[in-house]
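Worksheet: one structure, shown below.
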Amino acid sequence: MTDAADVLRRWSWSALEMGLLGMSAALRTTQDGIGALTGGVSPRLTGPPVERAPDLDRGTSELVNRVSRVAMYAPVDGGGRAAIVSAAMESARNLLAAVSTNPRRVATLPIQLPLSFATLGLQEALRLVYGLQILGGSAPSFIAEIAEVFLDGPVYLQLEYMTQLRRLQAHVRAAPEDGAAWHELGRYCMKCGMYHDAAAALTVAAGFPALRASSLSQRAVANYRAARYADAVRDAVDSLTLEPHQPRAHYWLWLAAGHLGGYPPTVPPALRVEMAAGRGETALRYDSVASEVGLDKTGEGRGIAVFDYDGDGHLDVLVAASGGCSLFHNNGDGTFTDRSVGSGIDTCVSSFAVTVGDYDGDGKPDVFITRQGFLEGASVLYRNNGDGTFTDVTAAAGLSGWMSTFCANWADYDCDGHLDLFVGSNLNGLFGRKVPDRLFRNNGDGTFTDVTAAAGILTPWSTIGAAWGDFDNDGYPDLFLSSAFGRSQLFHNNGDGTFTNVSAEAGIDAPCFGSVAFWCDYDDDGWLDLVQYVWCEHEDMLQSLREGAGPADRALRIFHNNRNGTFTNVSADLGVTECWGSMSGNAADLDNDGYVDLVLGNGGPQVATCGPPLVLQFDGRRFRNVTFTAGLPRFGKSHGATIADLAGDGRLHILLASGGFYPAEPMPLEVYRPRARLGNYLNLRLTGVRSNRDAIGARVRLVAGGRTQHRLVSGGSGFGSLPLEQHFGVGAATSLEAVEIDWPSRARQRIVNPPVNATIGVVEGVEGFTVIRRADDHLG
Amino acid sequence: MVSYFPRVGPTQSIGDVMPDVQLPLVAGGGVTLSGRLRERRGAVVLFWSAGCAHCVRYDGYLNSFEQRHPDIALIAVAARRTETIDQIRLTVAERGLDFPLAYGGDAGTATAWIAPQTPRAYLVDRDRALVYRGAIDNYKYETDPAHAAYLEPALNDFRHGRPLARPDTPSFGCAIESVYYLLPKITR
């Protein structure tokens, strides 16, 4: 009976979704038809619309966004209605300016305007339906939190937040009896990093009985952030005494108590929650070494890439951040020098994801950086000049665009030896339109052509993560798109420049809040599996921390490749039952035992939603969470997470570009280095000749110790690109049988008896290998 | 239109002679870095913004700076494009700021000094040679065990003629120049 009800429920949601999609498609077709008749085809934006709305759809989106934002901010001082009307009028003028130059568009405005609002409404309805499918009854609170962040976004981005702060301060001075305003002021100060002011405002708010528990809970966060841990403990206890069911207050109580050496005697036993997760046994032990090695750059980190930008053989680090990018040169001794200034990349503000690829095949890795992610921005292609500087060649390459770009990934999808580029388009704010994702084909002359429509990579859903991988082993990379508020999509590469959407038959599109994703042959069977990280409600993460398991079906997804075009989510079978609000992550063999482990960068945009970065260690059968045993922190907000052998000694460092959405959280880059190398290893660097020079898309097998391990050379997966260097752990093995490489050109190459504990280079079509570096010692 | 993507800039190294600063003061009159250096051992040029939440945390530090460092001049440069001198004056009055604050609203000085963010500090010697660049601290409260001061140790080393332990530290904060500042304002 339950199964039948579940099937009926799923069917109902699907029917509703299909209906909305159908209506949306019909209205869009009508819009396009009218647009074609009136000559009002929407232009593809190549830059910011500073002057006016570029088209009607963007105009209606801006109107709704602005009115919503003003409505959220205005009530506090009673000027709400006038402010909303004023904002609507201004947006309407902006909107009309989009069509005023075309008399035929003006004439059809009475038809087009309702159509535009209707398509926007349907888009939002689809997102809502999607959220309801995943969260059910708790969807409204989750969506309210997301809405607040999206509405806040431009206010912070455009530096209007101090104006808002002044308004709030003026209001509470004029109306000190308004407890809600004091509460809001406290939250607002927290967003701005003014934790002492926040605590003071929340103290006043806590004097209002109806707001006391909530205000004390918030004040615990403020005091924690101000390093007043005893005060934070007291606030959390007082709040929980009033309202015991507050998982977030329990979390901050646990965090604050951790700084005091454990729960103080004043904390009642009933409130002393211990966290079950992260205690798995492991020999891994990490030290935080960012400051020691010169990588402690503070700066709202987002994406991160590890690559050898100057060709000296050592892996360098690039961190994307709000205030500009940082380029760190590896000195070769495990330390880094900041070479940002003058590099040309340092001035790339509001940067987000980073992906590295030698698009022009000159042997110098180039960089593509997306901007903003959740809101619109202009991505940049930087060509590596080879002298430590980079030149912005976006326009010359034909890659200019203004869209909400969360991710970008290099791949040679047509296997012509030139790296192509996929650029994913995200939600674009609360009421922003989905701008189509873009696939750019590399013309081989430094320019690109937008082939999205011809390739057939079209999806109505927001794209937050993308991963290229040849799941059916036909030699052409396929494309997986992870969506946060929509169905994830899998596009099969037909090998003729076109793609076929195979999402439903592949079985990968069940609703979830998708985040970054990557292909990874976790079971080494020669067929790429798919790992998709997911977001979740913060309460799910807290439940996972407490209990070592979260709500069913909300954990990250590991899709096992069934070798017949279908996939099965085997997360639970592999021991992954915890839910984490993951923003980033990657896979690598951290303990050199021959099995890939997972790293998750967790957190959320709200100041109070933090989470530990995680290590899920794999032993070939199950993953176990060893985070806290390994010495990783309890608290974080990790965007770009990557894993790299920074010192070239076989120890994989975990790098986390950390930082929050609001100005309150300019967190430093975190680097965790293993105390010991737990097994032998081989690092492999490939140079393509007929294939693209980075060998992105190559499949590599290492035969050693009676096993074969499989790797894919990836051109990026979300915030943090793994280095192109491939790392194999081999445990106690002291000799390696062979490395086999399937190049994107379809050439196959075999390297016999490569050295153990070394980094070697292999050139496509050239026999043998070059030893780049050897580790000093051997285990086993 | 304002350049959204500043070009590949000249490099900037510790020891480089920095450009002079010649700007109007928000309080009236004008200021030059070379002038302020005449009777001082060095100077700190701090890029600052009225609308930057990170800068707020340093109001007290900056107000007392010259009292604590009488041999070091301080020039804070209000550097953000689109921030008017009237807005800055309002902020000065509201927050009780009394450190020397110059108006560099066209971001020209910030560009010349290759300063992408606020707050970002530069310490120069009497000859305007760059001694230190970076943040004031790691944005932790002084009461936080994880707090690390950056500028104060640099000043201390500089005053005692010692090589700086950390002449180049991280930076963070709000971008001085961004296309988002040019887009229509969202709220009232």
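Labels used: A, B, ... for chains in the order of the structure tokens, numbers from 1 for residues in each chain, and numbers from 1 for ligands as shown.
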
Could you go through stretch 8-70 of chain B and tell me which residues DSSP, when run on the backbone, assigns to helix (DSSP H, G or I), listing them as a list in words?
Leu33, Ser34, Gly35, Arg36, Leu37, Ala53, His54, Cys55, Val56, Asp59, Gly60, Tyr61, Leu62, Asn63, Phe65, Glu66, Gln67 and Arg68 of chain B

DSSP-assigned strand (DSSP E) members of stretch 99-188 of chain B, reported as a PDB file with N, CA and C atoms, in the first residue's frame:
ATOM      1  N   LEU B 101      41.637  61.257   5.943  1.00  0.00           N
ATOM      2  CA  LEU B 101      40.921  60.511   4.918  1.00  0.00           C
ATOM      3  C   LEU B 101      40.894  61.334   3.635  1.00  0.00           C
ATOM      4  N   ALA B 102      41.533  60.791   2.619  1.00  0.00           N
ATOM      5  CA  ALA B 102      41.585  61.477   1.325  1.00  0.00           C
ATOM      6  C   ALA B 102      40.544  60.887   0.393  1.00  0.00           C
ATOM      7  N   TYR B 103      40.159  61.687  -0.580  1.00  0.00           N
ATOM      8  CA  TYR B 103      39.133  61.223  -1.510  1.00  0.00           C
ATOM      9  C   TYR B 103      39.774  60.824  -2.845  1.00  0.00           C
ATOM     10  N   GLN B 117      41.334  45.874  -3.495  1.00  0.00           N
ATOM     11  CA  GLN B 117      40.318  45.701  -2.458  1.00  0.00           C
ATOM     12  C   GLN B 117      40.471  46.718  -1.344  1.00  0.00           C
ATOM     13  N   THR B 118      39.416  46.859  -0.591  1.00  0.00           N
ATOM     14  CA  THR B 118      39.476  47.591   0.671  1.00  0.00           C
ATOM     15  C   THR B 118      39.110  46.626   1.800  1.00  0.00           C
ATOM     16  N   ARG B 120      43.154  47.613   2.293  1.00  0.00           N
ATOM     17  CA  ARG B 120      44.475  47.085   1.953  1.00  0.00           C
ATOM     18  C   ARG B 120      45.506  48.150   2.313  1.00  0.00           C
ATOM     19  N   ALA B 121      46.519  47.740   3.036  1.00  0.00           N
ATOM     20  CA  ALA B 121      47.485  48.683   3.592  1.00  0.00           C
ATOM     21  C   ALA B 121      48.847  48.545   2.911  1.00  0.00           C
ATOM     22  N   TYR B 122      49.503  49.693   2.733  1.00  0.00           N
ATOM     23  CA  TYR B 122      50.856  49.733   2.186  1.00  0.00           C
ATOM     24  C   TYR B 122      51.711  50.577   3.129  1.00  0.00           C
ATOM     25  N   LEU B 123      52.801  50.034   3.555  1.00  0.00           N
ATOM     26  CA  LEU B 123      53.751  50.785   4.374  1.00  0.00           C
ATOM     27  C   LEU B 123      54.942  51.147   3.501  1.00  0.00           C
ATOM     28  N   VAL B 124      55.253  52.437   3.470  1.00  0.00           N
ATOM     29  CA  VAL B 124      56.417  52.881   2.688  1.00  0.00           C
ATOM     30  C   VAL B 124      57.387  53.618   3.609  1.00  0.00           C
ATOM     31  N   ASP B 125      58.645  53.630   3.213  1.00  0.00           N
ATOM     32  CA  ASP B 125      59.623  54.368   4.013  1.00  0.00           C
ATOM     33  C   ASP B 125      59.669  55.820   3.534  1.00  0.00           C
ATOM     34  N   LEU B 130      58.441  50.643  -1.004  1.00  0.00           N
ATOM     35  CA  LEU B 130      57.441  49.763  -0.396  1.00  0.00           C
ATOM     36  C   LEU B 130      58.108  48.817   0.602  1.00  0.00           C
ATOM     37  N   VAL B 131      57.580  48.835   1.810  1.00  0.00           N
ATOM     38  CA  VAL B 131      58.126  48.005   2.879  1.00  0.00           C
ATOM     39  C   VAL B 131      57.182  46.833   3.186  1.00  0.00           C
ATOM     40  N   TYR B 132      55.904  47.139   3.111  1.00  0.00           N
ATOM     41  CA  TYR B 132      54.901  46.127   3.475  1.00  0.00           C
ATOM     42  C   TYR B 132      53.632  46.389   2.674  1.00  0.00           C
ATOM     43  N   ARG B 133      52.969  45.302   2.316  1.00  0.00           N
ATOM     44  CA  ARG B 133      51.630  45.437   1.726  1.00  0.00           C
ATOM     45  C   ARG B 133      50.769  44.276   2.208  1.00  0.00           C
ATOM     46  N   GLY B 134      49.501  44.552   2.381  1.00  0.00           N
ATOM     47  CA  GLY B 134      48.591  43.478   2.792  1.00  0.00           C
ATOM     48  C   GLY B 134      47.493  43.975   3.701  1.00  0.00           C
ATOM     49  N   CYS B 174      36.279  44.168   0.080  1.00  0.00           N
ATOM     50  CA  CYS B 174      35.392  44.502  -1.045  1.00  0.00           C
ATOM     51  C   CYS B 174      36.221  45.000  -2.224  1.00  0.00           C
ATOM     52  N   ALA B 175      35.778  44.623  -3.406  1.00  0.00           N
ATOM     53  CA  ALA B 175      36.485  45.076  -4.605  1.00  0.00           C
ATOM     54  C   ALA B 175      36.334  46.585  -4.760  1.00  0.00           C
TER      55      ALA B 175
END

Skipping near chain neighbours, those fewer than 3 positions away, what residues fall within 12 Å of B:Phe47 using only C-alpha atoms, listed as an MDAnalysis selection string?
chainID B and resid 21 44 50 52 54:55 62 74:80 100:105 107:123 133:136 171:176

Dump as a ChimeraX atom specification the residues of chain A that approach chain B to within 8 Å, counting only C-alpha atoms.
/A:48-51,66,69-70,83,87,154-155,157-163,192-194,226-228,296-300,322-324,341-350,389-392,663-664,666

For atom CA of A:Leu120 and atom CA of A:Leu490, determine how far apart the two atoms are, in Å to one decimal place.
25.3 Å

Please, what distance in Å, to one decimal, runs between atom CA of A:Leu556 and atom CA of A:Ile696?
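We find that atom CA of A:Leu556 and atom CA of A:Ile696 lie 25.5 Å from each other.
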
Find the spatial neighbours of A:Arg690, counting only C-alpha atoms, within a cut-off of 10 Å - ignore same-chain residues fewer than 3 positions away - and output them as a list in words.
Cys415, Asp416, Gly417, His418, Thr687, Arg693, Ala695, Trp743, Pro744, Ser745, Arg746, Ala747, Glu764 and Gly765 of chain A

Write to file, as a short mmCIF file (atom, residue, chain, number, x, y, z; two decimals), in the first residue's frame, the residues of the selection just made, with N, CA and C atoms.
data_model
loop_
_atom_site.label_atom_id
_atom_site.label_comp_id
_atom_site.auth_asym_id
_atom_site.auth_seq_id
_atom_site.Cartn_x
_atom_site.Cartn_y
_atom_site.Cartn_z
N CYS A 415 37.01 15.16 -30.18
CA CYS A 415 38.27 14.43 -30.32
C CYS A 415 39.10 14.92 -31.51
N ASP A 416 39.13 16.24 -31.70
CA ASP A 416 39.94 16.77 -32.81
C ASP A 416 41.28 17.30 -32.33
N GLY A 417 41.57 17.10 -31.05
CA GLY A 417 42.86 17.51 -30.52
C GLY A 417 42.85 18.90 -29.93
N HIS A 418 41.70 19.58 -29.97
CA HIS A 418 41.61 20.93 -29.39
C HIS A 418 40.58 20.92 -28.27
N THR A 687 51.27 14.25 -21.64
CA THR A 687 51.32 15.32 -22.64
C THR A 687 50.79 14.76 -23.95
N ARG A 693 46.71 18.76 -25.68
CA ARG A 693 48.01 18.71 -25.00
C ARG A 693 47.90 18.29 -23.54
N ALA A 695 45.83 16.18 -22.41
CA ALA A 695 45.32 14.80 -22.37
C ALA A 695 44.02 14.70 -21.60
N TRP A 743 44.50 7.36 -25.07
CA TRP A 743 44.50 8.79 -25.33
C TRP A 743 43.18 9.19 -26.00
N PRO A 744 42.80 10.45 -25.90
CA PRO A 744 41.58 10.90 -26.59
C PRO A 744 41.65 10.69 -28.10
N SER A 745 42.88 10.62 -28.62
CA SER A 745 43.04 10.38 -30.07
C SER A 745 42.74 8.93 -30.43
N ARG A 746 42.48 8.12 -29.42
CA ARG A 746 42.23 6.67 -29.52
C ARG A 746 43.52 5.86 -29.61
N ALA A 747 44.64 6.53 -29.56
CA ALA A 747 45.90 5.79 -29.49
C ALA A 747 46.00 5.13 -28.12
N GLU A 764 52.54 11.42 -25.53
CA GLU A 764 51.77 10.59 -26.45
C GLU A 764 52.63 10.16 -27.64
N GLY A 765 52.70 8.87 -27.85
CA GLY A 765 53.42 8.34 -29.00
C GLY A 765 54.92 8.21 -28.79
#

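The smallest atom-to-atom distance between A:Thr627 and any of A:Val204, A:Val570, A:Leu381, A:Ala276, using only C-alpha atoms, is found for A:Ala276.
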
Show me, as a PyMOL selection string, the residues that have an atom within 10 Å of stretch 356-364 of chain A when counting only C-alpha atoms, minus same-chain residues fewer than 4 positions from it.
chain A and resi 304-311+318+368-369+381-387+408-412+417-421+442-448+687-689+691-696+714-716+721-724

Export C-alpha atoms of the chosen residues as a short mmCIF file (atom, residue, chain, number, x, y, z; two decimals), in the first residue's frame?
data_model
loop_
_atom_site.label_atom_id
_atom_site.label_comp_id
_atom_site.auth_asym_id
_atom_site.auth_seq_id
_atom_site.Cartn_x
_atom_site.Cartn_y
_atom_site.Cartn_z
CA ILE A 304 40.73 26.67 -6.73
CA ALA A 305 43.05 25.08 -9.24
CA VAL A 306 46.38 23.37 -8.85
CA PHE A 307 48.58 23.42 -11.93
CA ASP A 308 52.13 24.12 -13.03
CA TYR A 309 51.67 27.52 -14.62
CA ASP A 310 55.35 28.21 -15.23
CA GLY A 311 56.47 24.76 -16.31
CA LEU A 318 45.34 29.58 -8.09
CA PHE A 368 38.98 30.05 -17.53
CA ILE A 369 37.33 31.79 -14.59
CA LEU A 381 39.57 33.32 -20.49
CA TYR A 382 43.14 34.09 -19.52
CA ARG A 383 45.89 33.04 -21.90
CA ASN A 384 49.10 32.08 -20.17
CA ASN A 385 51.94 34.22 -21.50
CA GLY A 386 54.54 31.89 -20.05
CA ASP A 387 56.27 34.63 -18.06
CA ALA A 408 32.94 25.57 -16.68
CA ASN A 409 34.71 22.48 -17.92
CA TRP A 410 37.23 21.72 -20.62
CA ALA A 411 36.86 18.65 -22.82
CA ASP A 412 37.70 17.67 -26.36
CA GLY A 417 42.86 17.51 -30.52
CA HIS A 418 41.61 20.93 -29.39
CA LEU A 419 40.02 21.60 -26.03
CA ASP A 420 36.41 22.70 -26.17
CA LEU A 421 34.61 24.43 -23.35
CA ASN A 442 37.50 25.20 -30.27
CA ASN A 443 38.25 26.25 -33.86
CA GLY A 444 41.93 25.48 -33.43
CA ASP A 445 42.99 29.06 -34.11
CA GLY A 446 42.46 30.58 -30.68
CA THR A 447 38.77 31.19 -31.25
CA PHE A 448 35.63 29.32 -30.31
CA THR A 687 51.32 15.32 -22.64
CA GLY A 688 49.12 14.89 -25.65
CA VAL A 689 50.44 15.25 -29.19
CA SER A 691 45.33 14.48 -28.51
CA ASN A 692 44.80 17.76 -26.72
CA ARG A 693 48.01 18.71 -25.00
CA ASP A 694 46.61 18.27 -21.49
CA ALA A 695 45.32 14.80 -22.37
CA ILE A 696 41.98 15.76 -20.86
CA SER A 714 39.40 15.56 -16.02
CA GLY A 715 39.05 19.09 -17.31
CA GLY A 716 37.34 20.37 -14.19
CA SER A 721 39.70 21.44 -10.40
CA LEU A 722 41.83 18.45 -9.60
CA PRO A 723 45.33 18.74 -10.99
CA LEU A 724 45.85 17.10 -14.34
#

What is the distance between atom CA of A:Asp589 and atom CA of A:Gly729, in Å to one decimal?
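One can read the atom CA of A:Asp589 to atom CA of A:Gly729 distance as 6.1 Å.
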
Determine, counting only C-alpha atoms, which protein, DNA and RNA residues have an atom within 10 Å of an atom of B:Val92; residues of the same chain fewer than 6 positions away are not included. Present the result as a PyMOL selection string.
chain B and resi 26-27+50+59+86+98-99+101

Those residues you just picked out, can you put them in a file as an mmCIF file, in the first residue's frame with N, CA and C atoms?
data_model
loop_
_atom_site.group_PDB
_atom_site.id
_atom_site.type_symbol
_atom_site.label_atom_id
_atom_site.label_comp_id
_atom_site.auth_asym_id
_atom_site.auth_seq_id
_atom_site.Cartn_x
_atom_site.Cartn_y
_atom_site.Cartn_z
ATOM 1 N N VAL B 26 38.912 64.646 2.645
ATOM 2 C CA VAL B 26 37.459 64.701 2.819
ATOM 3 C C VAL B 26 37.090 65.862 3.748
ATOM 4 N N ALA B 27 37.953 66.135 4.714
ATOM 5 C CA ALA B 27 37.683 67.205 5.673
ATOM 6 C C ALA B 27 38.006 68.579 5.110
ATOM 7 N N ALA B 50 33.770 53.711 2.449
ATOM 8 C CA ALA B 50 32.690 53.946 3.413
ATOM 9 C C ALA B 50 31.692 52.798 3.407
ATOM 10 N N ASP B 59 37.707 51.000 12.465
ATOM 11 C CA ASP B 59 37.491 52.424 12.767
ATOM 12 C C ASP B 59 38.327 52.855 13.974
ATOM 13 N N ASP B 86 30.223 63.311 -0.581
ATOM 14 C CA ASP B 86 29.161 63.587 0.399
ATOM 15 C C ASP B 86 28.798 62.327 1.190
ATOM 16 N N ASP B 98 38.196 60.174 12.618
ATOM 17 C CA ASP B 98 39.027 61.383 12.624
ATOM 18 C C ASP B 98 40.449 61.120 12.158
ATOM 19 N N PHE B 99 40.623 60.063 11.387
ATOM 20 C CA PHE B 99 41.945 59.848 10.789
ATOM 21 C C PHE B 99 41.986 60.552 9.428
ATOM 22 N N LEU B 101 41.637 61.257 5.943
ATOM 23 C CA LEU B 101 40.921 60.511 4.918
ATOM 24 C C LEU B 101 40.894 61.334 3.635
#

Mind checking which residues fall within 7 Å of stretch 30-41 of chain B, counting only C-alpha atoms, ignoring those fewer than 3 positions away in the same chain, and posting them as a PDB file with N, CA and C atoms, in the first residue's frame?
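Okay, out08.pdb is ready:
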ATOM      1  N   ASP B  20      53.566  58.863  -5.829  1.00  0.00           N
ATOM      2  CA  ASP B  20      53.112  59.819  -4.817  1.00  0.00           C
ATOM      3  C   ASP B  20      51.580  59.822  -4.793  1.00  0.00           C
ATOM      4  N   VAL B  21      51.062  60.229  -3.679  1.00  0.00           N
ATOM      5  CA  VAL B  21      49.610  60.386  -3.541  1.00  0.00           C
ATOM      6  C   VAL B  21      49.339  61.874  -3.424  1.00  0.00           C
ATOM      7  N   GLN B  22      48.441  62.357  -4.250  1.00  0.00           N
ATOM      8  CA  GLN B  22      48.076  63.769  -4.181  1.00  0.00           C
ATOM      9  C   GLN B  22      46.569  63.858  -4.339  1.00  0.00           C
ATOM     10  N   LEU B  23      45.897  64.064  -3.231  1.00  0.00           N
ATOM     11  CA  LEU B  23      44.435  63.977  -3.245  1.00  0.00           C
ATOM     12  C   LEU B  23      43.827  65.021  -2.308  1.00  0.00           C
ATOM     13  N   PRO B  24      42.564  65.374  -2.570  1.00  0.00           N
ATOM     14  CA  PRO B  24      41.866  66.233  -1.602  1.00  0.00           C
ATOM     15  C   PRO B  24      41.494  65.440  -0.360  1.00  0.00           C
ATOM     16  N   LEU B  25      41.510  66.125   0.761  1.00  0.00           N
ATOM     17  CA  LEU B  25      41.055  65.479   1.993  1.00  0.00           C
ATOM     18  C   LEU B  25      39.544  65.638   2.122  1.00  0.00           C
ATOM     19  N   ASP B  71      55.527  58.588  14.541  1.00  0.00           N
ATOM     20  CA  ASP B  71      56.559  58.710  13.515  1.00  0.00           C
ATOM     21  C   ASP B  71      56.113  58.151  12.160  1.00  0.00           C
ATOM     22  N   ILE B  72      54.886  57.656  12.103  1.00  0.00           N
ATOM     23  CA  ILE B  72      54.359  57.080  10.856  1.00  0.00           C
ATOM     24  C   ILE B  72      53.104  57.845  10.440  1.00  0.00           C
ATOM     25  N   ALA B  73      53.116  58.361   9.237  1.00  0.00           N
ATOM     26  CA  ALA B  73      51.919  59.045   8.740  1.00  0.00           C
ATOM     27  C   ALA B  73      50.889  58.025   8.285  1.00  0.00           C
ATOM     28  N   ASP B 125      58.645  53.630   3.213  1.00  0.00           N
ATOM     29  CA  ASP B 125      59.623  54.368   4.013  1.00  0.00           C
ATOM     30  C   ASP B 125      59.669  55.820   3.534  1.00  0.00           C
ATOM     31  N   ARG B 126      60.613  56.551   4.077  1.00  0.00           N
ATOM     32  CA  ARG B 126      60.684  57.986   3.785  1.00  0.00           C
ATOM     33  C   ARG B 126      60.894  58.250   2.289  1.00  0.00           C
TER      34      ARG B 126
END
